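Novice: Input structure: query-v2.csv, which contains CSV, C-alpha atoms and all ligand atoms.
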```csv
chain,number,residue,atom,x,y,z
A,1,MET,CA,175.4,154.5,250.1
A,2,ALA,CA,178.5,153.4,251.9
A,3,VAL,CA,181.4,155.1,250.2
A,4,SER,CA,181.7,157.4,247.2
A,5,VAL,CA,184.7,158.6,245.3
A,6,THR,CA,184.7,161.6,243.0
A,7,VAL,CA,187.9,162.7,241.1
A,8,LEU,CA,187.5,166.4,240.8
A,9,ALA,CA,190.7,166.9,238.8
A,10,SER,CA,193.8,165.0,238.0
A,11,GLY,CA,197.0,166.0,236.2
A,12,SER,CA,199.9,168.4,236.3
A,13,LYS,CA,197.6,171.5,236.4
A,14,GLY,CA,195.8,170.4,239.6
A,15,ASN,CA,194.6,167.4,241.6
A,16,SER,CA,191.8,166.8,244.0
A,17,THR,CA,189.5,163.9,244.9
A,18,LEU,CA,186.5,163.7,247.2
A,19,ILE,CA,186.0,160.6,249.4
A,20,SER,CA,182.7,160.6,251.3
A,21,THR,CA,180.6,158.2,253.4
A,22,GLY,CA,177.2,158.9,254.9
A,23,GLY,CA,178.8,161.0,257.7
A,24,THR,CA,182.3,162.0,256.6
A,25,ARG,CA,183.7,164.0,253.7
A,26,LEU,CA,187.4,164.1,253.0
A,27,LEU,CA,189.2,166.0,250.2
A,28,VAL,CA,192.5,164.6,249.1
A,29,ASP,CA,194.7,167.5,247.7
A,30,ALA,CA,193.5,170.9,246.8
A,31,GLY,CA,195.4,171.7,243.6
A,32,LEU,CA,192.9,173.9,241.9
A,33,SER,CA,191.8,177.4,242.9
A,34,CYS,CA,189.3,177.5,245.8
A,35,ARG,CA,186.6,178.9,243.5
A,36,GLU,CA,187.1,176.0,241.0
A,37,LEU,CA,187.2,173.4,243.7
A,38,LEU,CA,183.9,174.7,245.1
A,39,ARG,CA,182.4,174.8,241.6
A,40,ARG,CA,183.4,171.2,240.9
A,41,LEU,CA,182.2,170.0,244.3
A,42,ALA,CA,178.8,171.6,243.5
A,43,LEU,CA,178.7,169.9,240.1
A,44,GLY,CA,178.3,166.5,241.8
A,45,GLY,CA,174.8,167.6,242.7
A,46,ASP,CA,175.8,167.8,246.3
A,47,SER,CA,175.1,171.3,247.5
A,48,SER,CA,177.0,170.8,250.7
A,49,SER,CA,180.5,172.3,250.5
A,50,ASN,CA,181.2,171.1,254.0
A,51,LEU,CA,184.3,169.0,254.5
A,52,ASP,CA,185.6,167.2,257.6
A,53,ALA,CA,189.3,167.4,256.5
A,54,ILE,CA,191.6,168.2,253.6
A,55,LEU,CA,194.5,165.7,253.3
A,56,ILE,CA,197.6,166.6,251.4
A,57,THR,CA,199.9,164.1,249.6
A,58,HIS,CA,202.8,166.4,249.0
A,59,GLU,CA,203.8,170.1,248.6
A,60,HIS,CA,203.9,170.4,244.8
A,61,SER,CA,201.7,173.2,243.6
A,62,ASP,CA,199.4,170.9,241.5
A,63,HIS,CA,198.3,169.5,244.9
A,64,VAL,CA,198.2,172.5,247.1
A,65,ALA,CA,197.4,175.6,244.9
A,66,GLY,CA,194.0,176.3,246.4
A,67,LEU,CA,194.6,174.8,249.9
A,68,ASN,CA,195.0,178.0,252.0
A,69,VAL,CA,192.0,179.8,250.7
A,70,LEU,CA,189.7,176.7,250.7
A,71,ALA,CA,190.8,175.7,254.3
A,72,LYS,CA,190.1,179.2,255.5
A,73,ARG,CA,186.8,179.5,253.7
A,74,LEU,CA,185.4,176.2,254.9
A,75,LYS,CA,187.2,176.4,258.3
A,76,VAL,CA,188.4,172.8,257.8
A,77,PRO,CA,191.4,171.1,259.3
A,78,VAL,CA,194.3,170.2,257.0
A,79,TYR,CA,196.2,167.0,257.5
A,80,MET,CA,199.8,166.6,256.2
A,81,THR,CA,203.1,165.3,257.4
A,82,GLY,CA,205.3,167.6,259.5
A,83,ALA,CA,208.0,167.7,256.8
A,84,THR,CA,205.4,168.5,254.1
A,85,HIS,CA,204.1,171.3,256.2
A,86,GLU,CA,207.5,172.8,256.6
A,87,ALA,CA,208.1,172.7,252.9
A,88,TYR,CA,204.6,174.2,252.3
A,89,ARG,CA,205.2,177.0,254.8
A,90,ARG,CA,208.5,177.9,253.1
A,91,GLN,CA,206.9,178.2,249.7
A,92,ALA,CA,203.3,179.3,250.1
A,93,ARG,CA,202.2,182.9,250.0
A,94,ASP,CA,198.8,184.5,250.0
A,95,SER,CA,197.5,186.9,247.3
A,96,SER,CA,199.4,189.8,248.9
A,97,GLY,CA,202.7,187.9,249.0
A,98,ASN,CA,202.6,187.2,252.8
A,99,ARG,CA,203.5,183.9,254.4
A,100,ILE,CA,200.6,181.6,255.1
A,101,THR,CA,199.7,180.0,258.5
A,102,LEU,CA,197.1,177.2,258.3
A,103,GLU,CA,194.6,177.8,261.1
A,104,ARG,CA,193.8,174.2,261.7
A,105,LEU,CA,196.8,171.8,261.1
A,106,GLU,CA,197.0,168.1,262.0
A,107,THR,CA,200.1,166.2,261.2
A,108,PHE,CA,200.5,162.5,260.5
A,109,GLU,CA,203.3,160.1,259.7
A,110,ALA,CA,203.6,157.8,256.7
A,111,GLY,CA,202.8,154.3,257.8
A,112,ARG,CA,200.6,155.3,260.7
A,113,ALA,CA,196.8,155.0,260.2
A,114,PHE,CA,194.5,157.6,261.7
A,115,GLN,CA,190.8,158.0,262.0
A,116,ILE,CA,188.6,160.9,260.7
A,117,GLY,CA,185.0,160.4,261.4
A,118,GLU,CA,183.9,157.1,259.8
A,119,VAL,CA,187.0,156.7,257.7
A,120,THR,CA,190.4,155.2,258.6
A,121,ALA,CA,193.1,156.8,256.5
A,122,THR,CA,196.5,155.1,256.0
A,123,PRO,CA,199.3,157.2,254.5
A,124,PHE,CA,202.2,155.4,252.9
A,125,THR,CA,205.5,156.6,251.4
A,126,ILE,CA,205.8,157.0,247.7
A,127,PRO,CA,209.1,157.6,245.7
A,128,HIS,CA,208.7,161.2,244.3
A,129,ASP,CA,210.8,164.3,244.4
A,130,ALA,CA,209.0,166.1,247.2
A,131,VAL,CA,210.2,166.2,250.9
A,132,ASP,CA,207.8,163.5,252.3
A,133,PRO,CA,205.3,162.4,249.7
A,134,VAL,CA,202.5,159.9,250.5
A,135,GLY,CA,199.7,158.0,248.9
A,136,PHE,CA,196.6,157.0,250.9
A,137,THR,CA,194.3,154.2,251.4
A,138,PHE,CA,190.9,154.8,253.0
A,139,ARG,CA,188.7,152.2,254.7
A,140,SER,CA,185.1,152.5,255.7
A,141,GLU,CA,182.4,149.9,256.1
A,142,GLY,CA,184.4,147.2,254.5
A,143,ILE,CA,185.3,149.3,251.4
A,144,LYS,CA,189.0,150.1,250.7
A,145,VAL,CA,189.9,153.0,248.3
A,146,GLY,CA,193.5,153.7,247.2
A,147,ILE,CA,195.0,156.9,245.8
A,148,CYS,CA,198.5,156.5,244.4
A,149,THR,CA,199.8,159.1,242.0
A,150,ASP,CA,203.1,161.0,241.7
A,151,LEU,CA,205.6,158.1,242.0
A,152,GLY,CA,208.6,157.2,239.9
A,153,TYR,CA,208.2,153.5,240.3
A,154,MET,CA,206.2,150.9,242.2
A,155,PRO,CA,208.2,149.7,245.3
A,156,ALA,CA,207.0,146.5,247.1
A,157,SER,CA,205.7,148.6,250.0
A,158,VAL,CA,203.4,150.5,247.7
A,159,LYS,CA,202.1,147.3,246.1
A,160,HIS,CA,201.5,146.0,249.6
A,161,HIS,CA,199.5,149.0,250.6
A,162,ILE,CA,197.2,149.2,247.6
A,163,HIS,CA,196.4,145.4,247.7
A,164,GLY,CA,192.7,144.7,248.0
A,165,CYS,CA,191.3,148.1,247.0
A,166,GLN,CA,187.7,148.1,245.5
A,167,VAL,CA,188.5,151.5,244.0
A,168,LEU,CA,192.1,152.1,242.9
A,169,MET,CA,193.2,155.4,241.5
A,170,ILE,CA,196.7,155.0,240.1
A,171,GLU,CA,199.1,157.0,238.0
A,172,SER,CA,199.5,156.4,234.3
A,173,ASN,CA,201.5,159.6,233.6
A,174,HIS,CA,203.3,159.3,230.3
A,175,ASP,CA,204.1,157.3,227.2
A,176,LEU,CA,207.9,156.9,227.1
A,177,GLU,CA,208.1,157.5,223.3
A,178,MET,CA,206.0,160.7,223.5
A,179,LEU,CA,208.1,161.9,226.4
A,180,ARG,CA,211.4,161.2,224.7
A,181,GLY,CA,210.3,162.8,221.5
A,182,GLY,CA,208.3,165.6,223.1
A,183,PRO,CA,209.0,169.3,223.7
A,184,TYR,CA,210.2,169.1,227.4
A,185,PRO,CA,213.9,170.2,228.0
A,186,TRP,CA,216.1,167.2,228.6
A,187,ALA,CA,216.5,167.9,232.4
A,188,VAL,CA,212.7,167.8,232.8
A,189,LYS,CA,212.4,164.6,230.7
A,190,GLN,CA,215.0,163.1,233.0
A,191,ARG,CA,213.2,164.2,236.1
A,192,VAL,CA,209.9,162.7,234.9
A,193,MET,CA,211.5,159.4,233.9
A,194,SER,CA,213.5,159.1,237.1
A,195,ARG,CA,212.9,156.9,240.1
A,196,VAL,CA,211.4,159.9,241.9
A,197,GLY,CA,209.4,161.2,238.9
A,198,HIS,CA,206.1,159.9,237.5
A,199,LEU,CA,204.8,156.4,236.6
A,200,SER,CA,204.7,155.6,232.8
A,201,ASN,CA,202.0,153.7,231.1
A,202,ASP,CA,204.4,150.8,230.6
A,203,ALA,CA,205.5,150.8,234.3
A,204,LEU,CA,201.9,150.6,235.3
A,205,ALA,CA,201.3,147.9,232.8
A,206,ASP,CA,204.2,145.9,234.3
A,207,PHE,CA,202.5,146.2,237.7
A,208,PHE,CA,199.2,145.1,236.2
A,209,THR,CA,200.7,142.0,234.6
A,210,THR,CA,202.9,140.9,237.6
A,211,ASP,CA,201.7,142.0,241.0
A,212,TYR,CA,198.2,143.4,240.7
A,213,ASP,CA,195.5,141.5,242.5
A,214,GLY,CA,192.9,142.3,239.8
A,215,GLY,CA,190.3,143.0,242.5
A,216,ALA,CA,189.3,146.6,242.0
A,217,GLU,CA,185.8,147.1,240.9
A,218,TYR,CA,186.8,150.5,239.6
A,219,LEU,CA,190.3,151.2,238.4
A,220,ILE,CA,191.0,154.9,237.6
A,221,LEU,CA,194.1,155.8,235.5
A,222,ALA,CA,195.2,159.2,236.8
A,223,HIS,CA,197.7,162.1,236.6
A,224,LEU,CA,197.9,161.7,232.8
A,225,SER,CA,200.3,164.1,231.1
A,226,GLU,CA,198.6,166.3,228.5
A,227,GLN,CA,202.0,166.8,226.7
A,228,ASN,CA,203.4,163.3,226.9
A,229,ASN,CA,200.5,161.0,226.9
A,230,HIS,CA,197.2,160.3,225.1
A,231,PRO,CA,194.2,158.9,226.9
A,232,GLU,CA,193.7,156.2,224.3
A,233,ILE,CA,197.4,155.1,224.5
A,234,ALA,CA,197.1,155.0,228.3
A,235,ARG,CA,193.8,153.1,228.1
A,236,MET,CA,195.0,150.6,225.5
A,237,THR,CA,198.3,149.9,227.4
A,238,ALA,CA,196.3,149.2,230.6
A,239,VAL,CA,193.6,147.1,228.8
A,240,ARG,CA,196.3,145.0,227.1
A,241,ALA,CA,198.0,144.4,230.5
A,242,LEU,CA,194.8,143.7,232.3
A,243,GLY,CA,193.8,141.2,229.6
A,244,GLU,CA,196.3,138.9,231.2
A,245,GLN,CA,194.6,139.3,234.5
A,246,GLN,CA,192.1,136.5,235.2
A,247,ASN,CA,190.3,138.4,237.9
A,248,PHE,CA,189.7,141.7,236.1
A,249,VAL,CA,186.6,140.7,234.2
A,250,HIS,CA,183.5,142.7,235.0
A,251,ASN,CA,185.3,145.6,236.4
A,252,GLN,CA,185.5,149.2,235.1
A,253,LEU,CA,188.4,151.1,233.8
A,254,TRP,CA,188.1,154.9,234.0
A,255,LEU,CA,190.4,157.7,233.0
A,256,ALA,CA,190.6,160.8,235.2
A,257,THR,CA,190.9,164.1,233.4
A,258,GLN,CA,192.2,167.6,234.1
A,259,HIS,CA,189.4,169.7,232.9
A,260,GLU,CA,186.2,168.1,234.4
A,261,PRO,CA,185.3,165.9,237.3
A,262,LEU,CA,184.5,162.2,236.8
A,263,PRO,CA,181.0,161.1,237.9
A,264,ALA,CA,180.8,159.9,241.5
A,265,ILE,CA,181.7,156.2,242.0
A,266,ARG,CA,179.3,154.8,244.6
A,267,LEU,CA,179.9,151.5,246.4
B,301,ZN,ZN,201.3,165.9,240.8
B,302,ZN,ZN,204.3,165.9,242.5
```
Transcribe the structure of this file into structure tokens.
Specialist:
Amino acid sequence: MAVSVTVLASGSKGNSTLISTGGTRLLVDAGLSCRELLRRLALGGDSSSNLDAILITHEHSDHVAGLNVLAKRLKVPVYMTGATHEAYRRQARDSSGNRITLERLETFEAGRAFQIGEVTATPFTIPHDAVDPVGFTFRSEGIKVGICTDLGYMPASVKHHIHGCQVLMIESNHDLEMLRGGPYPWAVKQRVMSRVGHLSNDALADFFTTDYDGGAEYLILAHLSEQNNHPEIARMTAVRALGEQQNFVHNQLWLATQHEPLPAIRL
């Protein structure tokens, strides 16, 4: 086994994905409780809860809710940008309401690759309403994995970074009609639809028909809204767009869910 990717949870109630190689295990985001994250890690049939690092995309609670407790429990270093750490420190409290200090903090900068064990991680800036949000690509043994959710639109720089991924996890957050007609207050609807909100099914379809290289063996639609999307609408919109993609023939389209982990993808 060279590289495996397991989406433990994806959506506005919590996000976390495990990337592992023979010798290195990385968790991207820790947006569920520590107990639930450990339970989902164990479901993969992998009894080792050991991690080499937890990497954080941005400070929204659906990405950091279980971070402090998990990092302490496993004594694992946490990687985030300096600005994200400042925002996290301002907002995060432990169960007694006290401020949190991460014991092992490593900072990185968007655009600068860094190495953790056998994996090269490259963080890149995404347009989202957090202080310094990033997506990631990971490379190990010739395999490239991309994680790209929580973005209002697809800038050229993001398209550039996720080019050539064998596994690409990408946001398909909402159906515009459902969002417009749905129960959210107008201000929240505007936020979701904005250039620093979340990527709609149609915006993702646009990317698939115009700039996508079609090369991913596994394409994972992620961060689906439970209120403003339906998995079948997201899937059909993507399938229709990918139908125009010559290269995307034998490849697999998966949908990440909030309530249970996806099976491990092994490459
Ligand atoms: Zn999120
Ligand atoms: Zn967010």
Novice: Can I get the residues close to ligand ZN 301 (chain B) as number ranges by chain, where close means within 8 Å and we count only C-alpha atoms and all ligand atoms?
Specialist: A: 11-12, 14-15, 60-63, 149-150, 223
Novice: For range 18-21 of chain A, find every residue with an atom within 6 Å (counting only C-alpha atoms), except residues of its own chain fewer than 6 positions away, and show them as a compact mmCIF listing (two decimals) with C-alpha atoms, in the coordinates of the input.
Specialist:
```txt
# COMPACT_ATOMS: atom_id res chain seq x y z
CA ALA A 2 178.50 153.40 251.90
CA VAL A 3 181.40 155.10 250.20
CA SER A 4 181.70 157.40 247.20
CA VAL A 5 184.70 158.60 245.30
CA THR A 6 184.70 161.60 243.00
CA LEU A 27 189.20 166.00 250.20
```
Novice: Residues within 12 Å of ligand ZN 302 (chain B), counting all atoms listed in the file: report them as a PyMOL selection string.
Specialist: chain A and resi 10-15+29+31+56-64+84+126-135+148-152+171+173+191-192+196-199+223
Novice: Please indicate the distance in Å from CA of Val7 in chain A to CA of Gly164 in chain A, rounded to one decimal place.
Specialist: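 Going from CA of Val7 in chain A over to CA of Gly164 in chain A, I get 19.9 Å.
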Novice: What separation in Å, quoted to one decimal, exists between CA of Arg39 in chain A and CA of Ser16 in chain A?
Specialist: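 That distance, rounded to one decimal, is 12.6 Å.
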Novice: Just checking: using all atoms listed in the file, which residue out of A:Leu67, A:Asn228, A:Ser200, A:Lys144 ends up closest to Leu179 in chain A?
Specialist: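 Nearest to Leu179 in chain A: A:Asn228.
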Novice: Hey, can you check how far CA of Val239 in chain A sits from CA of Leu262 in chain A?
Specialist: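 A separation of 19.4 Å between them.
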Novice: Nearest to Arg240 in chain A: which of A:Leu204, A:Met178, A:Val188, A:Ile143 is it, counting all atoms listed in the file?
Specialist: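 Of A:Leu204, A:Met178, A:Val188, A:Ile143, the one nearest Arg240 in chain A, counting all atoms listed in the file, is A:Leu204.
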Novice: Of the residues A:Leu26, A:Tyr88, A:Lys75, A:Met236, which is the one nearest to Phe136 in chain A, using all atoms listed in the file?
Specialist: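 The closest residue to Phe136 in chain A is A:Leu26.
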Novice: Please provide as a list in words all residues within 12 Å of Arg73 in chain A, with the sequence filter that same-chain residues fewer than 6 positions apart are discarded (counting only C-alpha atoms).
Specialist: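 Answer for this query is Cys34, Arg35, Leu37, Leu38, Ser49, Asn50, Leu51, Gly66, Leu67, Leu102, Glu103 and Arg104 of chain A.
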Novice: Using only C-alpha atoms, which protein or nucleic acid residues come within 12 Å of range 182-186 of chain A? Drop anything in the same chain fewer than 5 positions from it, and give the result as a short mmCIF file (atom, residue, chain, number, x, y, z; two decimals) with C-alpha atoms, keeping the file's coordinate frame.
Specialist:
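Output below, filename around09.cif:
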```cif
data_model
loop_
_atom_site.label_atom_id
_atom_site.label_comp_id
_atom_site.auth_asym_id
_atom_site.auth_seq_id
_atom_site.Cartn_x
_atom_site.Cartn_y
_atom_site.Cartn_z
CA HIS A 174 203.30 159.30 230.30
CA ASP A 175 204.10 157.30 227.20
CA LEU A 176 207.90 156.90 227.10
CA GLU A 177 208.10 157.50 223.30
CA ARG A 191 213.20 164.20 236.10
CA VAL A 192 209.90 162.70 234.90
CA MET A 193 211.50 159.40 233.90
CA SER A 225 200.30 164.10 231.10
CA GLU A 226 198.60 166.30 228.50
CA GLN A 227 202.00 166.80 226.70
CA ASN A 228 203.40 163.30 226.90
CA ASN A 229 200.50 161.00 226.90
#
```
Novice: For a quick check of understanding, using all atoms listed in the file, which of A:Gln252, A:Thr17, A:Thr237, A:Gln190 has the smallest distance to Asp202 in chain A?
Specialist: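 Of A:Gln252, A:Thr17, A:Thr237, A:Gln190, the one nearest Asp202 in chain A, counting all atoms listed in the file, is A:Thr237.
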Novice: Write range 114-125 of chain A as a short mmCIF file (atom, residue, chain, number, x, y, z; two decimals), keeping the file's coordinate frame, completed to all heavy atoms.
Specialist:
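Done, and the output landed in result_33.cif:
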```
data_model
loop_
_atom_site.label_atom_id
_atom_site.label_comp_id
_atom_site.auth_asym_id
_atom_site.auth_seq_id
_atom_site.Cartn_x
_atom_site.Cartn_y
_atom_site.Cartn_z
N PHE A 114 195.23 156.73 260.76
CA PHE A 114 194.50 157.60 261.70
C PHE A 114 193.04 157.65 261.25
O PHE A 114 192.69 157.31 260.12
CB PHE A 114 195.11 159.00 261.76
CG PHE A 114 195.28 159.68 260.43
CD1 PHE A 114 194.31 160.55 259.94
CD2 PHE A 114 196.43 159.46 259.67
CE1 PHE A 114 194.46 161.19 258.70
CE2 PHE A 114 196.59 160.09 258.43
CZ PHE A 114 195.62 160.96 257.95
N GLN A 115 192.20 158.07 262.19
CA GLN A 115 190.80 158.00 262.00
C GLN A 115 190.24 159.47 261.77
O GLN A 115 190.60 160.37 262.51
CB GLN A 115 190.10 157.42 263.22
CG GLN A 115 188.65 157.05 263.06
CD GLN A 115 188.48 155.77 262.22
OE1 GLN A 115 189.41 154.97 262.11
NE2 GLN A 115 187.31 155.60 261.64
N ILE A 116 189.39 159.66 260.77
CA ILE A 116 188.60 160.90 260.70
C ILE A 116 187.18 160.53 260.48
O ILE A 116 186.82 159.95 259.45
CB ILE A 116 189.09 161.77 259.45
CG1 ILE A 116 190.61 162.03 259.50
CG2 ILE A 116 188.34 163.10 259.42
CD1 ILE A 116 191.14 162.78 258.29
N GLY A 117 186.37 160.79 261.48
CA GLY A 117 185.00 160.40 261.40
C GLY A 117 184.84 158.90 261.18
O GLY A 117 185.40 158.09 261.92
N GLU A 118 184.14 158.54 260.09
CA GLU A 118 183.90 157.10 259.80
C GLU A 118 184.99 156.47 258.96
O GLU A 118 184.87 155.33 258.54
CB GLU A 118 182.57 156.99 259.01
CG GLU A 118 181.37 157.54 259.75
CD GLU A 118 180.13 157.68 258.86
OE1 GLU A 118 180.25 157.53 257.63
OE2 GLU A 118 179.06 157.94 259.42
N VAL A 119 186.04 157.22 258.67
CA VAL A 119 187.00 156.70 257.70
C VAL A 119 188.41 156.54 258.39
O VAL A 119 188.88 157.40 259.13
CB VAL A 119 187.21 157.75 256.56
CG1 VAL A 119 188.27 157.28 255.56
CG2 VAL A 119 185.87 157.97 255.84
N THR A 120 189.04 155.39 258.13
CA THR A 120 190.40 155.20 258.60
C THR A 120 191.32 155.46 257.37
O THR A 120 191.19 154.85 256.31
CB THR A 120 190.64 153.70 258.97
OG1 THR A 120 189.65 153.36 259.95
CG2 THR A 120 192.02 153.50 259.56
N ALA A 121 192.20 156.44 257.55
CA ALA A 121 193.10 156.80 256.50
C ALA A 121 194.50 156.22 256.81
O ALA A 121 194.98 156.33 257.94
CB ALA A 121 193.24 158.34 256.41
N THR A 122 195.13 155.59 255.82
CA THR A 122 196.50 155.10 256.00
C THR A 122 197.40 155.71 254.94
O THR A 122 197.28 155.43 253.75
CB THR A 122 196.54 153.54 255.82
OG1 THR A 122 195.60 152.95 256.72
CG2 THR A 122 197.93 153.00 256.11
N PRO A 123 198.30 156.61 255.39
CA PRO A 123 199.30 157.20 254.50
C PRO A 123 200.46 156.28 254.29
O PRO A 123 200.85 155.61 255.24
CB PRO A 123 199.67 158.50 255.16
CG PRO A 123 199.43 158.24 256.62
CD PRO A 123 198.43 157.13 256.76
N PHE A 124 201.02 156.21 253.09
CA PHE A 124 202.20 155.40 252.90
C PHE A 124 203.17 156.15 251.96
O PHE A 124 202.76 156.93 251.09
CB PHE A 124 201.85 154.03 252.27
CG PHE A 124 201.02 154.10 251.01
CD1 PHE A 124 201.63 154.14 249.76
CD2 PHE A 124 199.62 154.14 251.07
CE1 PHE A 124 200.88 154.21 248.60
CE2 PHE A 124 198.85 154.21 249.91
CZ PHE A 124 199.48 154.24 248.67
N THR A 125 204.47 155.92 252.19
CA THR A 125 205.50 156.60 251.40
C THR A 125 205.54 156.23 249.98
O THR A 125 205.42 155.06 249.66
CB THR A 125 206.88 156.34 252.09
OG1 THR A 125 206.86 156.88 253.41
CG2 THR A 125 208.02 156.97 251.32
#
```
